[in-house]
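Inspection log for the structure reproduced underneath, given as C-alpha cells.
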Amino acid sequence: MPEAVPDPAAAQPVVTPLTTAALILVATIEPGGESSVREVLPDLAAFARSIDFRVPDAGLACVTGFGSDAWDRLFAGPRPASLHPFQELHGARHHAPATPGDLLLHVRGERMDACYEWAARLLDRLGGAVTVVDETQGFRYFDHRDLLGFVDGTENPIGAGARTAALVGPAADPAFAGGSYVVVQKYLHDLASWNTLSTEEQERVIGRTKQDDVELPDDIKPPNSHVALNTLTAPDGTAREILRANMPFGSFEQGDFGTYFIGYAADPDVTEQMLRNMFLGNPPGTYDRILDFSTAVTGTLFYAPSADFFDAPPPSPALSGTESLSQPASAPVARITVPADARDGSLHIGSLQESAQ
C-alpha cells in the first residue's frame, strides 16, 4: 500500500497552485550569522499573516529551505536523512554546476509587491547575517508557457498525488515528515538558436506538441526528448514523480531569458535521477536535447522542513555542545557566474501545472 499522505496543514505551502508572480532568493549565511538566522525563524509565518491580512488577494505562499552545510551550522541533533550537497554532473557535452546556497526563500503570490514585502521584512531582520547570491523574479507567461513557447507543467501531480510526491512521509523519515527536498536550478536559453528550429523539430526536442500540448506518441517521440528522459517508473510500475514550481524570468538589459526550475520531492533521488538522465543520458550519451538550447548556471539542494519546525527549532550546535550528524564534504563551489554567451534561464524540466491542495 502507498504511504499515508502527509497532512497538508503541517507542511509549508509547498503544494500550492501556480501564482502570477514569484521571488526566489538563494542566500549564504555569513560566519557568525547563525544566531540571527535562528532567531528569525519563529516569525516567518507571522510575516506572511500580516501581509495577507493587509492584502487578502495576495495569495502569499512562502517556503524556506536549508542547504546541507547550513543545517549542520544551525541545528544540533538528527538531520533529514537524504539531505546532502547538490551533486554536480559532467556529461559528454553539458554540465550541471553546483553553486552556493545556505538558505532558499521561495515566495509566491498574485502580487509581486506582497512577495517583495515578505522578503524585505526577513532580510531587514537578518541584516548582514546573510548575503543574497542569486535573485530571480518569475512571472506567469500566458497559459502556463515557458519562454520556449511550450506549456510547462502538464504532468505535475495534483491533490493527494502532489502531496505524496513532494512531502516526506512518516514512514520514510519520521522525525522530518511533512518536509520536502528542493532542487533549484537557473537555466539560460539560447532563444536565437531555438527559434531557428521548425515547430516540428522543437516538438521533437520537448516530446509534446507546441500549440495544444499533447505528448507525442512513443513511436514518434525521440528517446532523447525532454519528456522521455524525465518520465521515471519504479520497479513496481508506479510513476516516480516530483512537484515542479518552474517560473519564466527575463531581463532585457542583461539579455537573459529563461526558466527557474524548482523541484519539490519527498525523495531527492527522484529529481537527481531526472538530472542524471538529462545530463549524462539514459542510456549514457543520450543526453536531453533541450540542453543544446538551455544552459544550467546554478544548482543547489535544500530541505524545507514542516511548518511546525519553525515554532521550536532544534537547539544550536554551539549551545547544545553536540554536533549534527555530518555528511561528506561537498566539492568546492564558486560564486554564481553566468557565461557571457548564455541567454535566458529556462529548463522546462518536466512541467508546471496548477496543483490543488
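How things are named: the first chain in the C-alpha cells is A, the next is B, and so on; residues count from 1 in each chain; ligands count from 1 in the order shown.
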As an mmCIF file with N, CA and C atoms, in the first residue's frame, please: the residues near segment 13-29 of chain A (cut-off 7 Å, only C-alpha atoms, same-chain neighbours under 5 positions excluded).
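Dumped to out_0.cif:
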data_model
loop_
_atom_site.group_PDB
_atom_site.id
_atom_site.type_symbol
_atom_site.label_atom_id
_atom_site.label_comp_id
_atom_site.auth_asym_id
_atom_site.auth_seq_id
_atom_site.Cartn_x
_atom_site.Cartn_y
_atom_site.Cartn_z
ATOM 1 N N GLU A 34 24.747 32.706 12.244
ATOM 2 C CA GLU A 34 23.828 31.610 12.533
ATOM 3 C C GLU A 34 22.761 31.998 13.562
ATOM 4 N N ALA A 61 2.443 32.656 -0.507
ATOM 5 C CA ALA A 61 2.916 31.329 -0.094
ATOM 6 C C ALA A 61 4.436 31.384 -0.016
ATOM 7 N N CYS A 62 4.977 31.212 1.176
ATOM 8 C CA CYS A 62 6.416 31.391 1.397
ATOM 9 C C CYS A 62 7.019 30.096 1.934
ATOM 10 N N VAL A 63 8.037 29.587 1.260
ATOM 11 C CA VAL A 63 8.727 28.365 1.666
ATOM 12 C C VAL A 63 10.189 28.696 1.938
ATOM 13 N N PRO A 100 26.726 27.945 -4.583
ATOM 14 C CA PRO A 100 26.499 28.145 -3.145
ATOM 15 C C PRO A 100 25.038 28.404 -2.808
ATOM 16 N N GLY A 101 24.654 28.000 -1.614
ATOM 17 C CA GLY A 101 23.306 28.276 -1.135
ATOM 18 C C GLY A 101 23.057 27.656 0.221
ATOM 19 N N ASP A 102 22.894 28.490 1.252
ATOM 20 C CA ASP A 102 22.556 28.018 2.593
ATOM 21 C C ASP A 102 21.066 28.144 2.871
ATOM 22 N N LEU A 103 20.434 29.163 2.305
ATOM 23 C CA LEU A 103 19.008 29.411 2.514
ATOM 24 C C LEU A 103 18.307 29.560 1.177
ATOM 25 N N LEU A 104 17.143 28.959 1.071
ATOM 26 C CA LEU A 104 16.252 29.174 -0.068
ATOM 27 C C LEU A 104 15.009 29.876 0.441
ATOM 28 N N LEU A 105 14.654 30.987 -0.184
ATOM 29 C CA LEU A 105 13.416 31.702 0.100
ATOM 30 C C LEU A 105 12.594 31.696 -1.181
ATOM 31 N N HIS A 106 11.560 30.874 -1.217
ATOM 32 C CA HIS A 106 10.703 30.746 -2.393
ATOM 33 C C HIS A 106 9.369 31.400 -2.047
ATOM 34 N N VAL A 107 9.148 32.579 -2.594
ATOM 35 C CA VAL A 107 7.993 33.395 -2.240
ATOM 36 C C VAL A 107 7.092 33.510 -3.463
ATOM 37 N N ARG A 108 5.830 33.120 -3.313
ATOM 38 C CA ARG A 108 4.884 33.148 -4.421
ATOM 39 C C ARG A 108 3.644 33.933 -4.048
ATOM 40 N N GLY A 109 2.998 34.528 -5.030
ATOM 41 C CA GLY A 109 1.761 35.250 -4.777
ATOM 42 C C GLY A 109 1.167 35.795 -6.050
ATOM 43 N N GLU A 110 0.002 36.392 -5.911
ATOM 44 C CA GLU A 110 -0.653 37.024 -7.057
ATOM 45 C C GLU A 110 -0.149 38.443 -7.279
ATOM 46 N N ARG A 111 0.641 38.969 -6.330
ATOM 47 C CA ARG A 111 1.174 40.322 -6.449
ATOM 48 C C ARG A 111 2.640 40.320 -6.060
ATOM 49 N N MET A 112 3.488 40.890 -6.925
ATOM 50 C CA MET A 112 4.906 40.933 -6.641
ATOM 51 C C MET A 112 5.203 41.828 -5.443
ATOM 52 N N CYS A 115 5.179 39.689 -2.404
ATOM 53 C CA CYS A 115 6.381 38.848 -2.342
ATOM 54 C C CYS A 115 7.575 39.671 -1.871
ATOM 55 N N ALA A 129 23.729 39.228 8.354
ATOM 56 C CA ALA A 129 23.938 37.814 8.679
ATOM 57 C C ALA A 129 23.936 36.931 7.438
ATOM 58 N N VAL A 130 23.315 37.403 6.368
ATOM 59 C CA VAL A 130 23.255 36.614 5.139
ATOM 60 C C VAL A 130 23.611 37.494 3.947
ATOM 61 N N THR A 131 24.019 36.840 2.867
ATOM 62 C CA THR A 131 24.304 37.510 1.598
ATOM 63 C C THR A 131 23.500 36.831 0.502
ATOM 64 N N VAL A 132 22.679 37.594 -0.202
ATOM 65 C CA VAL A 132 21.915 37.038 -1.319
ATOM 66 C C VAL A 132 22.864 36.819 -2.493
ATOM 67 N N VAL A 133 22.972 35.578 -2.951
ATOM 68 C CA VAL A 133 23.883 35.265 -4.052
ATOM 69 C C VAL A 133 23.141 35.037 -5.364
ATOM 70 N N ASP A 134 21.826 34.893 -5.300
ATOM 71 C CA ASP A 134 21.053 34.770 -6.536
ATOM 72 C C ASP A 134 19.630 35.237 -6.258
ATOM 73 N N GLU A 135 19.110 36.082 -7.131
ATOM 74 C CA GLU A 135 17.750 36.603 -7.014
ATOM 75 C C GLU A 135 17.069 36.503 -8.366
ATOM 76 N N THR A 136 15.878 35.921 -8.369
ATOM 77 C CA THR A 136 15.127 35.775 -9.610
ATOM 78 C C THR A 136 13.680 36.164 -9.379
ATOM 79 N N GLN A 137 13.158 37.038 -10.226
ATOM 80 C CA GLN A 137 11.746 37.391 -10.207
ATOM 81 C C GLN A 137 11.062 36.671 -11.356
ATOM 82 N N GLY A 138 10.162 35.771 -11.003
ATOM 83 C CA GLY A 138 9.472 34.983 -12.015
ATOM 84 C C GLY A 138 8.075 35.496 -12.269
ATOM 85 N N PHE A 139 7.525 35.155 -13.436
ATOM 86 C CA PHE A 139 6.183 35.592 -13.805
ATOM 87 C C PHE A 139 5.489 34.483 -14.574
ATOM 88 N N ARG A 140 4.166 34.463 -14.476
ATOM 89 C CA ARG A 140 3.394 33.520 -15.284
ATOM 90 C C ARG A 140 3.324 34.060 -16.703
ATOM 91 N N ALA A 162 0.090 15.050 -5.449
ATOM 92 C CA ALA A 162 1.113 16.083 -5.312
ATOM 93 C C ALA A 162 1.753 16.031 -3.936
ATOM 94 N N ARG A 163 0.941 15.842 -2.890
ATOM 95 C CA ARG A 163 1.494 15.775 -1.541
ATOM 96 C C ARG A 163 2.374 14.544 -1.363
ATOM 97 N N GLN A 353 2.148 22.749 -13.591
ATOM 98 C CA GLN A 353 0.704 22.857 -13.701
ATOM 99 C C GLN A 353 0.172 23.234 -12.333
ATOM 100 N N GLU A 354 -0.959 23.892 -12.280
ATOM 101 C CA GLU A 354 -1.539 24.220 -11.003
ATOM 102 C C GLU A 354 -1.829 22.937 -10.242
ATOM 103 N N SER A 355 -1.495 22.917 -8.936
ATOM 104 C CA SER A 355 -1.723 21.756 -8.094
ATOM 105 C C SER A 355 -2.684 22.139 -6.992
ATOM 106 N N ALA A 356 -3.783 21.452 -6.926
ATOM 107 C CA ALA A 356 -4.754 21.740 -5.882
ATOM 108 C C ALA A 356 -4.282 21.174 -4.573
ATOM 109 N N GLN A 357 -4.466 21.914 -3.485
ATOM 110 C CA GLN A 357 -4.099 21.414 -2.172
ATOM 111 C C GLN A 357 -5.070 20.337 -1.747
#
Please return, as number ranges by chain, all residues of segment 87-336 of chain A that DSSP assigns to helix (DSSP H, G or I) on the basis of the backbone. A: 112-129, 159-166, 174-176, 191-194, 199-206, 226-229, 268-279, 289-292, 307-310, 317-320
Could you tell me which of A:Asn277, A:Glu117, A:Ile290, A:Ala192 comes closest to Asp256 of chain A if we count only C-alpha atoms?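 Nearest candidate to Asp256 of chain A out of A:Asn277, A:Glu117, A:Ile290, A:Ala192: A:Ala192.
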Top pick for closest residue to Gly65 of chain A, considering A:Pro97, A:Pro80, A:Pro315, A:Pro170 and counting only C-alpha atoms: A:Pro80
Just how far from atom CA of Ala165 of chain A is atom CA of Leu243 of chain A, in Å to one decimal?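 These two atoms are separated by 6.5 Å.
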DSSP strand (DSSP E) residues within segment 29-81 of chain A, as a list in words: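 Secondary structure check on segment 29-81 of chain A, strand (DSSP E): Ile29, Ala61, Cys62, Val63, Thr64, Gly65, Phe66 and Gly67 of chain A.
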Export of the given selection (all heavy atoms) as a CSV table (one decimal), in the first residue's frame:
chain,number,residue,atom,x,y,z
A,29,ILE,N,24.9,32.1,4.5
A,29,ILE,CA,25.0,32.6,5.9
A,29,ILE,C,26.4,33.0,6.2
A,29,ILE,O,27.4,32.2,6.0
A,29,ILE,CB,24.5,31.6,6.9
A,29,ILE,CG1,23.1,31.2,6.6
A,29,ILE,CG2,24.6,32.1,8.3
A,29,ILE,CD1,22.6,30.0,7.4
A,61,ALA,N,2.4,32.7,-0.5
A,61,ALA,CA,2.9,31.3,-0.1
A,61,ALA,C,4.4,31.4,0.0
A,61,ALA,O,5.1,31.6,-1.0
A,61,ALA,CB,2.5,30.3,-1.1
A,62,CYS,N,5.0,31.2,1.2
A,62,CYS,CA,6.4,31.4,1.4
A,62,CYS,C,7.0,30.1,1.9
A,62,CYS,O,6.6,29.6,2.9
A,62,CYS,CB,6.7,32.5,2.4
A,62,CYS,SG,5.8,34.0,2.0
A,63,VAL,N,8.0,29.6,1.3
A,63,VAL,CA,8.7,28.4,1.7
A,63,VAL,C,10.2,28.7,1.9
A,63,VAL,O,10.8,29.4,1.1
A,63,VAL,CB,8.6,27.3,0.6
A,63,VAL,CG1,9.5,26.1,1.0
A,63,VAL,CG2,7.2,26.9,0.4
A,64,THR,N,10.7,28.2,3.1
A,64,THR,CA,12.1,28.4,3.5
A,64,THR,C,12.8,27.1,3.5
A,64,THR,O,12.3,26.1,4.2
A,64,THR,CB,12.2,29.1,4.8
A,64,THR,OG1,11.5,30.4,4.7
A,64,THR,CG2,13.7,29.4,5.2
A,65,GLY,N,14.0,27.0,2.9
A,65,GLY,CA,14.7,25.7,2.9
A,65,GLY,C,16.2,26.0,3.3
A,65,GLY,O,16.7,27.1,3.3
A,66,PHE,N,16.8,24.9,3.8
A,66,PHE,CA,18.2,25.0,4.3
A,66,PHE,C,19.1,24.0,3.5
A,66,PHE,O,18.7,22.9,3.2
A,66,PHE,CB,18.3,24.6,5.7
A,66,PHE,CG,17.3,25.4,6.6
A,66,PHE,CD1,16.1,25.0,6.9
A,66,PHE,CD2,17.7,26.7,7.1
A,66,PHE,CE1,15.2,25.7,7.7
A,66,PHE,CE2,16.9,27.4,7.9
A,66,PHE,CZ,15.6,27.0,8.2
A,67,GLY,N,20.3,24.5,3.1
A,67,GLY,CA,21.3,23.6,2.5
A,67,GLY,C,21.9,22.7,3.5
A,67,GLY,O,21.8,22.9,4.7
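Checking A:Ser68, A:Thr231, A:Ser180, A:Thr295 one by one against Phe257 of chain A, counting only C-alpha atoms, you find the shortest gap at A:Thr295.
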May I have the residues within 12 Å of Ala45 of chain A as an mmCIF file with C-alpha atoms, in the first residue's frame, using only C-alpha atoms and disregarding those fewer than 6 positions away in the same chain?
data_model
loop_
_atom_site.group_PDB
_atom_site.id
_atom_site.type_symbol
_atom_site.label_atom_id
_atom_site.label_comp_id
_atom_site.auth_asym_id
_atom_site.auth_seq_id
_atom_site.Cartn_x
_atom_site.Cartn_y
_atom_site.Cartn_z
ATOM 1 C CA ALA A 11 3.630 21.413 5.774
ATOM 2 C CA GLN A 12 4.944 24.674 4.447
ATOM 3 C CA PRO A 13 2.937 25.844 1.392
ATOM 4 C CA ILE A 51 0.770 40.803 4.712
ATOM 5 C CA ASP A 52 -2.195 38.535 3.947
ATOM 6 C CA LEU A 60 1.086 34.673 -0.453
ATOM 7 C CA ALA A 61 2.916 31.329 -0.094
ATOM 8 C CA CYS A 62 6.416 31.391 1.397
ATOM 9 C CA VAL A 63 8.727 28.365 1.666
ATOM 10 C CA THR A 64 12.097 28.419 3.453
ATOM 11 C CA TRP A 118 7.832 39.387 2.876
ATOM 12 C CA ARG A 121 10.999 42.127 6.210
ATOM 13 C CA LEU A 122 13.043 38.979 6.546
ATOM 14 C CA SER A 306 7.419 21.176 8.023
ATOM 15 C CA ALA A 307 5.695 24.359 9.184
ATOM 16 C CA ASP A 308 5.769 23.475 12.888
ATOM 17 C CA PHE A 309 9.552 23.037 12.748
ATOM 18 C CA PHE A 310 9.905 26.833 12.812
ATOM 19 C CA ASP A 311 7.926 27.237 16.034
#
